[in-house]
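**Student:** target_29.cif is reproduced in full below (mmCIF, C-alpha atoms and all ligand atoms).
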data_run
#
loop_
_atom_site.group_PDB
_atom_site.id
_atom_site.type_symbol
_atom_site.label_atom_id
_atom_site.label_comp_id
_atom_site.auth_asym_id
_atom_site.auth_seq_id
_atom_site.Cartn_x
_atom_site.Cartn_y
_atom_site.Cartn_z
ATOM 1 C CA MET F 1 123.209 133.785 83.872
ATOM 2 C CA GLU F 2 124.740 130.768 85.495
ATOM 3 C CA GLY F 3 128.018 131.463 87.281
ATOM 4 C CA PHE F 4 127.670 135.236 87.013
ATOM 5 C CA GLY F 5 125.726 135.941 90.190
ATOM 6 C CA VAL F 6 124.078 139.355 90.304
ATOM 7 C CA PHE F 7 124.611 141.454 87.180
ATOM 8 C CA HIS F 8 125.404 145.105 87.882
ATOM 9 C CA ARG F 9 124.109 147.561 85.316
ATOM 10 C CA ASP F 10 127.385 149.438 85.029
ATOM 11 C CA VAL F 11 129.404 146.283 84.268
ATOM 12 C CA VAL F 12 130.232 146.386 80.557
ATOM 13 C CA LEU F 13 132.322 143.244 80.352
ATOM 14 C CA GLN F 14 132.250 140.239 82.623
ATOM 15 C CA ALA F 15 134.484 137.191 82.280
ATOM 16 C CA ARG F 16 134.247 134.083 84.411
ATOM 17 C CA ASP F 17 136.583 131.097 84.569
ATOM 18 C CA LEU F 18 138.147 131.789 81.173
ATOM 19 C CA CYS F 19 140.531 129.058 80.060
ATOM 20 C CA TYR F 20 142.272 128.343 76.776
ATOM 21 C CA ARG F 21 144.074 125.113 76.012
ATOM 22 C CA PRO F 22 144.941 124.756 72.310
ATOM 23 C CA GLU F 23 146.065 121.169 72.813
ATOM 24 C CA ALA F 24 146.440 118.611 75.594
ATOM 25 C CA GLY F 25 149.078 119.703 78.082
ATOM 26 C CA VAL F 26 149.268 123.316 76.762
ATOM 27 C CA THR F 27 147.476 125.986 78.837
ATOM 28 C CA LEU F 28 147.651 129.591 77.621
ATOM 29 C CA VAL F 29 145.013 131.084 79.956
ATOM 30 C CA GLU F 30 143.731 129.493 83.136
ATOM 31 C CA HIS F 31 140.693 130.384 85.306
ATOM 32 C CA VAL F 32 140.514 134.126 84.691
ATOM 33 C CA ASP F 33 137.672 136.130 86.278
ATOM 34 C CA LEU F 34 137.347 139.871 85.731
ATOM 35 C CA ASP F 35 134.835 142.703 85.358
ATOM 36 C CA VAL F 36 135.172 145.964 83.448
ATOM 37 C CA ARG F 37 132.760 148.738 84.409
ATOM 38 C CA ALA F 38 131.668 151.767 82.408
ATOM 39 C CA GLY F 39 134.490 154.309 82.162
ATOM 40 C CA GLU F 40 137.171 151.936 83.476
ATOM 41 C CA ARG F 41 140.466 151.430 81.676
ATOM 42 C CA LEU F 42 141.951 148.006 82.267
ATOM 43 C CA ALA F 43 145.602 147.394 81.381
ATOM 44 C CA ILE F 44 146.605 143.753 80.946
ATOM 45 C CA ILE F 45 150.298 143.486 81.736
ATOM 46 C CA GLY F 46 152.816 140.666 82.126
ATOM 47 C CA PRO F 47 155.986 139.288 80.595
ATOM 48 C CA ASN F 48 156.245 137.953 77.029
ATOM 49 C CA GLY F 49 154.275 134.758 76.540
ATOM 50 C CA ALA F 50 152.203 135.215 79.730
ATOM 51 C CA GLY F 51 148.896 134.877 77.833
ATOM 52 C CA LYS F 52 147.867 138.553 77.607
ATOM 53 C CA THR F 53 146.914 138.576 73.925
ATOM 54 C CA THR F 54 145.174 135.214 74.194
ATOM 55 C CA LEU F 55 143.106 136.571 77.098
ATOM 56 C CA MET F 56 142.267 139.775 75.239
ATOM 57 C CA ARG F 57 141.236 137.845 72.123
ATOM 58 C CA MET F 58 138.792 135.829 74.205
ATOM 59 C CA LEU F 59 137.443 138.958 75.913
ATOM 60 C CA CYS F 60 136.681 140.637 72.589
ATOM 61 C CA GLY F 61 135.195 137.547 70.948
ATOM 62 C CA MET F 62 137.990 136.868 68.443
ATOM 63 C CA LEU F 63 138.835 133.571 70.125
ATOM 64 C CA LYS F 64 136.319 131.126 71.529
ATOM 65 C CA PRO F 65 137.233 130.218 75.121
ATOM 66 C CA GLY F 66 137.952 126.573 75.774
ATOM 67 C CA ASN F 67 136.042 127.055 79.001
ATOM 68 C CA GLY F 68 134.266 129.939 80.699
ATOM 69 C CA LEU F 69 131.965 132.763 79.693
ATOM 70 C CA VAL F 70 132.206 136.353 78.510
ATOM 71 C CA HIS F 71 129.224 138.679 78.866
ATOM 72 C CA LEU F 72 128.900 142.063 77.191
ATOM 73 C CA ASP F 73 126.352 144.401 78.795
ATOM 74 C CA GLY F 74 124.874 141.367 80.540
ATOM 75 C CA GLU F 75 124.461 139.273 77.370
ATOM 76 C CA SER F 76 126.539 136.297 76.349
ATOM 77 C CA LEU F 77 129.087 137.532 73.792
ATOM 78 C CA ASP F 78 128.843 134.440 71.619
ATOM 79 C CA ARG F 79 125.066 134.867 71.284
ATOM 80 C CA LEU F 80 125.285 138.482 70.111
ATOM 81 C CA PRO F 81 124.941 138.887 66.319
ATOM 82 C CA MET F 82 128.227 140.001 64.702
ATOM 83 C CA ALA F 83 126.785 143.340 63.561
ATOM 84 C CA GLU F 84 125.580 144.164 67.065
ATOM 85 C CA ARG F 85 128.931 143.164 68.535
ATOM 86 C CA ALA F 86 130.699 145.437 66.038
ATOM 87 C CA ARG F 87 128.485 148.359 67.021
ATOM 88 C CA ARG F 88 129.487 147.989 70.664
ATOM 89 C CA ILE F 89 133.117 146.783 70.471
ATOM 90 C CA ALA F 90 136.087 148.101 68.492
ATOM 91 C CA VAL F 91 139.399 146.242 68.374
ATOM 92 C CA VAL F 92 142.806 147.559 67.355
ATOM 93 C CA GLY F 93 144.987 144.481 67.040
ATOM 94 C CA GLN F 94 148.693 143.981 66.482
ATOM 95 C CA SER F 95 148.372 142.042 63.274
ATOM 96 C CA ASP F 96 145.832 144.221 61.431
ATOM 97 C CA GLN F 97 147.082 144.670 57.872
ATOM 98 C CA PRO F 98 145.230 147.604 56.318
ATOM 99 C CA ASP F 99 144.924 147.581 52.527
ATOM 100 C CA ALA F 100 147.955 149.644 51.425
ATOM 101 C CA GLN F 101 146.037 151.162 48.493
ATOM 102 C CA LEU F 102 143.197 152.614 50.583
ATOM 103 C CA ALA F 103 143.170 156.343 51.246
ATOM 104 C CA VAL F 104 143.456 157.085 54.966
ATOM 105 C CA ARG F 105 139.964 158.585 55.177
ATOM 106 C CA ASP F 106 138.406 155.590 53.392
ATOM 107 C CA TYR F 107 140.208 153.266 55.772
ATOM 108 C CA VAL F 108 138.886 155.222 58.769
ATOM 109 C CA GLY F 109 135.452 155.216 57.093
ATOM 110 C CA LEU F 110 135.400 151.405 57.350
ATOM 111 C CA GLY F 111 134.645 151.989 61.022
ATOM 112 C CA ARG F 112 131.153 153.149 60.010
ATOM 113 C CA ILE F 113 130.184 149.862 58.353
ATOM 114 C CA PRO F 114 128.643 148.286 61.492
ATOM 115 C CA HIS F 115 126.316 151.289 61.771
ATOM 116 C CA ALA F 116 125.253 151.772 58.190
ATOM 117 C CA GLY F 117 126.230 148.629 56.316
ATOM 118 C CA LEU F 118 127.738 149.588 52.987
ATOM 119 C CA ARG F 119 125.202 152.394 52.561
ATOM 120 C CA ARG F 120 126.643 155.778 53.566
ATOM 121 C CA ARG F 121 124.705 157.846 56.080
ATOM 122 C CA SER F 122 124.897 161.619 55.997
ATOM 123 C CA ASP F 123 126.599 161.918 59.390
ATOM 124 C CA ASP F 124 129.256 159.288 58.587
ATOM 125 C CA ARG F 125 131.456 161.847 56.868
ATOM 126 C CA ASP F 126 131.442 164.089 59.956
ATOM 127 C CA VAL F 127 132.213 161.183 62.289
ATOM 128 C CA VAL F 128 135.169 160.163 60.094
ATOM 129 C CA LEU F 129 136.508 163.724 59.860
ATOM 130 C CA ASP F 130 136.183 164.104 63.625
ATOM 131 C CA ALA F 131 138.112 160.837 64.195
ATOM 132 C CA LEU F 132 140.821 162.011 61.761
ATOM 133 C CA GLU F 133 141.069 165.371 63.465
ATOM 134 C CA ARG F 134 141.202 163.945 66.971
ATOM 135 C CA THR F 135 144.023 161.573 66.001
ATOM 136 C CA GLY F 136 145.977 164.327 64.221
ATOM 137 C CA LEU F 137 145.527 162.742 60.783
ATOM 138 C CA LEU F 138 143.379 165.322 59.023
ATOM 139 C CA ALA F 139 146.278 166.545 56.886
ATOM 140 C CA LEU F 140 147.069 162.969 55.827
ATOM 141 C CA ARG F 141 143.518 161.954 54.904
ATOM 142 C CA GLU F 142 144.173 161.645 51.148
ATOM 143 C CA ARG F 143 147.382 159.645 51.586
ATOM 144 C CA ARG F 144 147.470 155.894 50.906
ATOM 145 C CA MET F 145 147.632 153.687 53.983
ATOM 146 C CA GLY F 146 150.771 152.060 52.562
ATOM 147 C CA SER F 147 152.634 155.380 52.672
ATOM 148 C CA LEU F 148 152.169 155.972 56.422
ATOM 149 C CA SER F 149 154.873 155.502 59.048
ATOM 150 C CA GLY F 150 154.329 152.870 61.742
ATOM 151 C CA GLY F 151 153.139 155.494 64.232
ATOM 152 C CA GLU F 152 150.816 157.163 61.713
ATOM 153 C CA ARG F 153 149.342 153.789 60.773
ATOM 154 C CA GLN F 154 148.747 153.061 64.443
ATOM 155 C CA ARG F 155 146.868 156.352 64.805
ATOM 156 C CA ALA F 156 144.819 155.560 61.673
ATOM 157 C CA GLN F 157 143.837 152.223 63.206
ATOM 158 C CA LEU F 158 142.743 154.034 66.341
ATOM 159 C CA ALA F 159 140.833 156.609 64.239
ATOM 160 C CA ARG F 160 138.982 153.775 62.520
ATOM 161 C CA ALA F 161 138.084 152.284 65.904
ATOM 162 C CA ILE F 162 136.846 155.663 67.179
ATOM 163 C CA ALA F 163 134.754 156.139 64.036
ATOM 164 C CA GLN F 164 133.012 152.937 65.027
ATOM 165 C CA GLN F 165 131.708 154.808 68.134
ATOM 166 C CA PRO F 166 132.001 151.753 70.393
ATOM 167 C CA HIS F 167 131.415 151.812 74.118
ATOM 168 C CA LEU F 168 134.178 149.247 74.686
ATOM 169 C CA LEU F 169 137.566 149.585 73.028
ATOM 170 C CA PHE F 170 140.198 146.830 72.914
ATOM 171 C CA LEU F 171 143.807 147.726 72.147
ATOM 172 C CA ASP F 172 146.772 145.359 71.771
ATOM 173 C CA GLU F 173 149.994 147.194 72.604
ATOM 174 C CA PRO F 174 148.797 150.531 71.161
ATOM 175 C CA THR F 175 152.061 152.366 71.875
ATOM 176 C CA ASN F 176 154.606 150.017 70.364
ATOM 177 C CA HIS F 177 155.433 152.058 67.233
ATOM 178 C CA LEU F 178 155.302 155.446 68.899
ATOM 179 C CA ASP F 179 158.004 157.747 70.242
ATOM 180 C CA PRO F 180 157.882 158.519 73.990
ATOM 181 C CA ARG F 181 155.894 161.727 73.739
ATOM 182 C CA ALA F 182 153.453 160.261 71.210
ATOM 183 C CA ARG F 183 152.856 157.312 73.570
ATOM 184 C CA GLY F 184 151.660 159.596 76.333
ATOM 185 C CA GLU F 185 149.588 161.671 73.920
ATOM 186 C CA LEU F 186 147.869 158.614 72.461
ATOM 187 C CA LEU F 187 146.969 157.191 75.862
ATOM 188 C CA GLU F 188 145.789 160.590 77.092
ATOM 189 C CA PHE F 189 143.600 160.820 74.024
ATOM 190 C CA VAL F 190 142.154 157.332 74.618
ATOM 191 C CA ALA F 191 141.482 158.147 78.295
ATOM 192 C CA ARG F 192 139.591 161.299 77.282
ATOM 193 C CA LEU F 193 137.225 159.251 75.096
ATOM 194 C CA ASP F 194 135.561 158.301 78.383
ATOM 195 C CA ILE F 195 134.589 154.802 77.255
ATOM 196 C CA ALA F 196 135.590 151.464 78.753
ATOM 197 C CA VAL F 197 139.001 150.341 77.488
ATOM 198 C CA VAL F 198 140.872 147.049 77.733
ATOM 199 C CA THR F 199 144.463 147.213 76.562
ATOM 200 C CA VAL F 200 147.511 144.997 76.560
ATOM 201 C CA LEU F 201 150.326 147.326 77.598
ATOM 202 C CA HIS F 202 154.060 146.630 77.784
ATOM 203 C CA ASP F 203 154.940 150.184 78.673
ATOM 204 C CA LEU F 204 155.056 149.833 82.470
ATOM 205 C CA PRO F 205 155.743 153.545 83.218
ATOM 206 C CA LEU F 206 152.490 154.453 81.423
ATOM 207 C CA VAL F 207 150.308 151.916 83.206
ATOM 208 C CA ALA F 208 149.665 153.892 86.409
ATOM 209 C CA PRO F 209 149.032 157.260 84.692
ATOM 210 C CA PHE F 210 146.656 155.645 82.172
ATOM 211 C CA ALA F 211 144.870 152.691 83.698
ATOM 212 C CA THR F 212 142.197 152.735 86.377
ATOM 213 C CA HIS F 213 142.709 148.983 86.838
ATOM 214 C CA VAL F 214 145.467 146.486 86.104
ATOM 215 C CA ALA F 215 145.319 142.752 85.383
ATOM 216 C CA VAL F 216 148.707 141.112 85.848
ATOM 217 C CA MET F 217 149.216 137.882 83.899
ATOM 218 C CA SER F 218 152.031 135.456 84.584
ATOM 219 C CA LYS F 219 152.365 131.946 83.159
ATOM 220 C CA ALA F 220 148.742 131.840 81.930
ATOM 221 C CA ARG F 221 147.279 132.967 85.264
ATOM 222 C CA LEU F 222 145.865 136.223 86.545
ATOM 223 C CA VAL F 223 148.150 136.846 89.523
ATOM 224 C CA ALA F 224 146.849 140.302 90.511
ATOM 225 C CA LEU F 225 143.824 142.464 89.694
ATOM 226 C CA GLY F 226 143.189 145.903 91.165
ATOM 227 C CA THR F 227 144.138 149.544 90.976
ATOM 228 C CA PRO F 228 147.695 150.421 89.795
ATOM 229 C CA ARG F 229 148.689 151.143 93.393
ATOM 230 C CA GLU F 230 147.366 147.792 94.593
ATOM 231 C CA THR F 231 148.961 145.772 91.813
ATOM 232 C CA LEU F 232 152.256 147.477 90.867
ATOM 233 C CA THR F 233 153.926 146.768 94.177
ATOM 234 C CA ALA F 234 157.687 146.379 94.368
ATOM 235 C CA ALA F 235 157.274 142.733 95.396
ATOM 236 C CA LEU F 236 154.922 141.856 92.528
ATOM 237 C CA VAL F 237 156.952 143.677 89.853
ATOM 238 C CA ARG F 238 160.078 141.877 91.033
ATOM 239 C CA GLU F 239 158.350 138.506 91.107
ATOM 240 C CA VAL F 240 156.599 138.799 87.736
ATOM 241 C CA PHE F 241 159.024 140.913 85.676
ATOM 242 C CA GLY F 242 162.289 140.338 87.548
ATOM 243 C CA ILE F 243 163.014 144.082 87.831
ATOM 244 C CA ASP F 244 162.891 146.671 90.601
ATOM 245 C CA VAL F 245 160.352 149.467 90.806
ATOM 246 C CA LEU F 246 161.332 152.565 92.762
ATOM 247 C CA ARG F 247 158.986 155.333 93.903
ATOM 248 C CA LEU F 248 160.934 158.555 94.325
ATOM 249 C CA PRO F 249 159.869 162.097 95.225
ATOM 250 C CA HIS F 250 159.789 164.397 92.198
ATOM 251 C CA PRO F 251 162.695 166.871 92.552
ATOM 252 C CA ASP F 252 160.559 169.896 91.567
ATOM 253 C CA GLU F 253 156.918 168.980 92.106
ATOM 254 C CA HIS F 254 156.293 168.064 95.739
ATOM 255 C CA ASP F 255 152.871 166.529 95.139
ATOM 256 C CA ARG F 256 154.198 164.141 92.486
ATOM 257 C CA GLU F 257 155.969 160.838 92.820
ATOM 258 C CA LEU F 258 158.237 159.399 90.133
ATOM 259 C CA THR F 259 157.868 155.689 89.455
ATOM 260 C CA VAL F 260 161.071 154.272 88.033
ATOM 261 C CA PHE F 261 161.323 150.767 86.596
ATOM 262 C CA ASP F 262 164.972 149.912 87.003
ATOM 263 C CA VAL F 263 166.017 147.780 84.035
ATOM 264 C CA PRO F 264 169.703 147.042 84.397
ATOM 265 C CA ILE F 265 171.902 146.631 81.311
ATOM 266 C CA ARG F 266 175.264 145.499 82.609
ATOM 267 C CA LEU F 267 177.980 145.489 79.965
ATOM 268 C CA SER F 268 180.853 144.698 82.277
ATOM 269 C CA ARG F 269 181.135 142.324 85.185
HETATM 270 N N1 LIG L 1 147.959 127.883 69.239
HETATM 271 C C1 LIG L 1 148.985 127.851 70.097
HETATM 272 N N2 LIG L 1 149.540 126.681 70.486
HETATM 273 C C2 LIG L 1 150.555 126.649 71.357
HETATM 274 N N3 LIG L 1 151.079 127.740 71.926
HETATM 275 C C3 LIG L 1 150.573 128.922 71.571
HETATM 276 C C4 LIG L 1 149.505 129.066 70.656
HETATM 277 N N4 LIG L 1 149.210 130.381 70.534
HETATM 278 C C5 LIG L 1 150.082 131.044 71.337
HETATM 279 N N5 LIG L 1 150.897 130.177 71.973
HETATM 280 C C6 LIG L 1 151.924 130.484 72.966
HETATM 281 O O1 LIG L 1 151.209 130.861 74.134
HETATM 282 C C7 LIG L 1 151.931 131.821 74.876
HETATM 283 C C8 LIG L 1 151.047 133.004 75.183
HETATM 284 O O2 LIG L 1 150.839 133.779 74.006
HETATM 285 P P1 LIG L 1 150.235 135.247 74.045
HETATM 286 O O3 LIG L 1 150.370 135.808 72.667
HETATM 287 O O4 LIG L 1 148.889 135.222 74.638
HETATM 288 O O5 LIG L 1 151.260 135.923 75.048
HETATM 289 P P2 LIG L 1 151.496 137.452 75.397
HETATM 290 O O6 LIG L 1 151.486 137.544 76.883
HETATM 291 O O7 LIG L 1 150.524 138.317 74.668
HETATM 292 O O8 LIG L 1 152.963 137.610 74.862
HETATM 293 P P3 LIG L 1 153.756 138.869 74.220
HETATM 294 O O9 LIG L 1 153.997 139.826 75.348
HETATM 295 O O10 LIG L 1 155.036 138.230 73.788
HETATM 296 O O11 LIG L 1 152.948 139.432 73.096
HETATM 297 C C9 LIG L 1 153.151 132.147 74.028
HETATM 298 O O12 LIG L 1 154.258 131.438 74.561
HETATM 299 C C10 LIG L 1 152.792 131.655 72.638
HETATM 300 O O13 LIG L 1 153.923 131.224 71.910
#
Could you rewrite the structure in this file as structure tokens?
**Tutor:**
Amino acid sequence: MEGFGVFHRDVVLQARDLCYRPEAGVTLVEHVDLDVRAGERLAIIGPNGAGKTTLMRMLCGMLKPGNGLVHLDGESLDRLPMAERARRIAVVGQSDQPDAQLAVRDYVGLGRIPHAGLRRRSDDRDVVLDALERTGLLALRERRMGSLSGGERQRAQLARAIAQQPHLLFLDEPTNHLDPRARGELLEFVARLDIAVVTVLHDLPLVAPFATHVAVMSKARLVALGTPRETLTAALVREVFGIDVLRLPHPDEHDRELTVFDVPIRLSR
């Protein structure tokens, strides 16, 4: 494993020197190194155009890196057969376009394909029902995918990923169609799955409650990697996002701190 040094058994995903340059003079991701261990939840954050989605697509094998290596469970991702990759990794992307005519439960059932091919196994039905129940979609299981709201469709995509029973889950902005309460509920649900998660997240207030680790991207580079407390410093948030972050004592709960991202909208001068 050249360039990877000692492989630790609990490291699920290892990336070294990842770069992506679609054409001469254009660099979307530059020299990214990171590890994700079992049970960790990594949030990739950064401003629009920073390279977050490009990085995530390389980490999950959807995009071949221009340079660098990605290892899954100690094996090179690009040498793993597709079926084996699909048994270990589930991806909920931004641009997934589910077939509008499919019933919700059949759509979620597609998550079983890597395990059983097109042949149905007896436990598949239970796994699908469990995924529907855990995402609050049981009552909608006979509905067509095309009839769901944006938030319901997002939950169906997550249910399909859960039905895949992966041990590494990739999510690209999983909260973007959800109302504030549903955002927290969805991330709480994902955290309780107790599997390794890599997610692109724009919702800064949810990063610290959800993520065990944060990768901060800015202008194609990884500018910080660590726990939320190590990375979401006032100085870094100001430098990367151009906004202030304030940590205030909770007025009622003395053991809690409120983290406020101060986004000014000034209508008058
Ligand atoms: N094939 C390409 N050729 C040139 N530029 C590209 C290509 N693909 C993406 N880009 C640009 O690269 C930059 C990084 O894109 P990426 O989608 O990774 O950013 P992001 O951090 O996920 O952004 P957002 O928060 O807006 O989703 C963007 O400015 C995008 O327009």
**Student:** Under the rule of at most 6 Å, produce a per-residue listing of chain F near ligand LIG 1 (chain L): chain, number, name, the closest pair of atoms, and the distance in Å, as JSON lines, using only C-alpha atoms and all ligand atoms.
**Tutor:**
{"residue": "F:Pro22", "atom": "CA", "partner": "L:LIG1", "partner_atom": "N2", "distance": 5.3}
{"residue": "F:Leu28", "atom": "CA", "partner": "L:LIG1", "partner_atom": "O1", "distance": 5.1}
{"residue": "F:Pro47", "atom": "CA", "partner": "L:LIG1", "partner_atom": "O9", "distance": 5.6}
{"residue": "F:Asn48", "atom": "CA", "partner": "L:LIG1", "partner_atom": "O9", "distance": 3.4}
{"residue": "F:Gly49", "atom": "CA", "partner": "L:LIG1", "partner_atom": "O8", "distance": 3.6}
{"residue": "F:Ala50", "atom": "CA", "partner": "L:LIG1", "partner_atom": "O6", "distance": 3.7}
{"residue": "F:Gly51", "atom": "CA", "partner": "L:LIG1", "partner_atom": "O4", "distance": 3.2}
{"residue": "F:Lys52", "atom": "CA", "partner": "L:LIG1", "partner_atom": "O6", "distance": 3.8}
{"residue": "F:Thr53", "atom": "CA", "partner": "L:LIG1", "partner_atom": "O7", "distance": 3.7}
{"residue": "F:Thr54", "atom": "CA", "partner": "L:LIG1", "partner_atom": "O4", "distance": 3.7}
**Student:** Expanded to explicit residues, what is the PyMOL selection byres (((chain F and resi 138) around 12) and not hetatm) for this file, as a PDB file with C-alpha atoms, keeping the file's coordinate frame?
**Tutor:**
ATOM      1  CA  ALA F 103     143.170 156.343  51.246  1.00  0.00           C
ATOM      2  CA  VAL F 104     143.456 157.085  54.966  1.00  0.00           C
ATOM      3  CA  ARG F 105     139.964 158.585  55.177  1.00  0.00           C
ATOM      4  CA  VAL F 108     138.886 155.222  58.769  1.00  0.00           C
ATOM      5  CA  VAL F 128     135.169 160.163  60.094  1.00  0.00           C
ATOM      6  CA  LEU F 129     136.508 163.724  59.860  1.00  0.00           C
ATOM      7  CA  ASP F 130     136.183 164.104  63.625  1.00  0.00           C
ATOM      8  CA  ALA F 131     138.112 160.837  64.195  1.00  0.00           C
ATOM      9  CA  LEU F 132     140.821 162.011  61.761  1.00  0.00           C
ATOM     10  CA  GLU F 133     141.069 165.371  63.465  1.00  0.00           C
ATOM     11  CA  ARG F 134     141.202 163.945  66.971  1.00  0.00           C
ATOM     12  CA  THR F 135     144.023 161.573  66.001  1.00  0.00           C
ATOM     13  CA  GLY F 136     145.977 164.327  64.221  1.00  0.00           C
ATOM     14  CA  LEU F 137     145.527 162.742  60.783  1.00  0.00           C
ATOM     15  CA  ALA F 139     146.278 166.545  56.886  1.00  0.00           C
ATOM     16  CA  LEU F 140     147.069 162.969  55.827  1.00  0.00           C
ATOM     17  CA  ARG F 141     143.518 161.954  54.904  1.00  0.00           C
ATOM     18  CA  GLU F 142     144.173 161.645  51.148  1.00  0.00           C
ATOM     19  CA  ARG F 143     147.382 159.645  51.586  1.00  0.00           C
ATOM     20  CA  GLU F 152     150.816 157.163  61.713  1.00  0.00           C
ATOM     21  CA  ARG F 155     146.868 156.352  64.805  1.00  0.00           C
ATOM     22  CA  ALA F 156     144.819 155.560  61.673  1.00  0.00           C
ATOM     23  CA  ALA F 159     140.833 156.609  64.239  1.00  0.00           C
TER      24      ALA F 159
END
**Student:** Can you translate the PyMOL selection byres (((chain F and resi 172) around 12) and not hetatm) into the concrete residues it hits in this file, as an NGL selection string?
**Tutor:** :F and (42-45 or 52-57 or 60 or 90-96 or 154 or 157-158 or 169-171 or 173-177 or 197-203)
**Student:** When you count all atoms listed in the file, which of these residues is closest to Leu232 (chain F): F:Pro114, F:Asp73, F:Met62, F:Gly46?
**Tutor:**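 The shortest atom-to-atom distance to Leu232 (chain F) comes from F:Gly46.
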**Student:** Which neighbours of Asp17 (chain F) fall inside 8 Å, counting all atoms listed in the file, when residues of the same chain fewer than 3 positions from it are skipped, and could you give them as JSON, numbers by chain?
**Tutor:** {"F": [30, 31, 32, 33, 67, 68, 69]}
**Student:** Since we have the selection now, will you write its residues out, keeping C-alpha atoms, as a PDB file, in the frame of the given file?
**Tutor:**
ATOM      1  CA  GLU F  30     143.731 129.493  83.136  1.00  0.00           C
ATOM      2  CA  HIS F  31     140.693 130.384  85.306  1.00  0.00           C
ATOM      3  CA  VAL F  32     140.514 134.126  84.691  1.00  0.00           C
ATOM      4  CA  ASP F  33     137.672 136.130  86.278  1.00  0.00           C
ATOM      5  CA  ASN F  67     136.042 127.055  79.001  1.00  0.00           C
ATOM      6  CA  GLY F  68     134.266 129.939  80.699  1.00  0.00           C
ATOM      7  CA  LEU F  69     131.965 132.763  79.693  1.00  0.00           C
TER       8      LEU F  69
END
**Student:** With distances taken over only C-alpha atoms, which of F:Leu225, F:Leu246, F:Val29, F:Leu13 is nearest to His213 (chain F)?
**Tutor:**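 That would be F:Leu225, the residue with the smallest distance to His213 (chain F).
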**Student:** Using CA of Leu102 (chain F) and CA of Ser149 (chain F) as the two end points, give the distance in Å to one decimal.
**Tutor:**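 Straight-line distance from CA of Leu102 (chain F) to CA of Ser149 (chain F) works out to 14.7 Å.
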**Student:** Which residues are near Glu40 (chain F)? Cut-off 12 Å, all atoms listed in the file, ignore same chain within fewer than 4 positions. Put them as JSON, numbers by chain.
**Tutor:** {"F": [10, 11, 12, 13, 35, 36, 167, 168, 169, 190, 191, 192, 193, 194, 195, 196, 197, 198, 199, 210, 211, 212, 213, 214, 226, 227]}
**Student:** Suppose you want the space between CA of Ile89 (chain F) and CA of Leu77 (chain F); what is it in Å?
**Tutor:** 10.6 Å
**Student:** Mind giving me the straight-line distance from CA of Asp123 (chain F) to CA of Ala86 (chain F) in Å, one decimal?
**Tutor:** 18.2 Å
**Student:** Using all atoms listed in the file, pick whichever of F:Ala24, F:Gly184, F:Cys19, F:Leu148 has the shortest atom-to-atom distance to Lys64 (chain F).
**Tutor:**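 The shortest atom-to-atom distance to Lys64 (chain F) comes from F:Cys19.
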**Student:** Which residues, written as an mmCIF file with C-alpha atoms, in the coordinates of the input, have at least one atom at most 8 Å from Phe261 (chain F), with all atoms listed in the file counted and residues fewer than 3 positions away on the same chain left out?
**Tutor:**
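The result, stored in out07.cif:
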data_model
loop_
_atom_site.group_PDB
_atom_site.id
_atom_site.type_symbol
_atom_site.label_atom_id
_atom_site.label_comp_id
_atom_site.auth_asym_id
_atom_site.auth_seq_id
_atom_site.Cartn_x
_atom_site.Cartn_y
_atom_site.Cartn_z
ATOM 1 C CA LEU F 204 155.056 149.833 82.470
ATOM 2 C CA PRO F 205 155.743 153.545 83.218
ATOM 3 C CA ILE F 243 163.014 144.082 87.831
ATOM 4 C CA ASP F 244 162.891 146.671 90.601
ATOM 5 C CA VAL F 245 160.352 149.467 90.806
ATOM 6 C CA LEU F 246 161.332 152.565 92.762
#
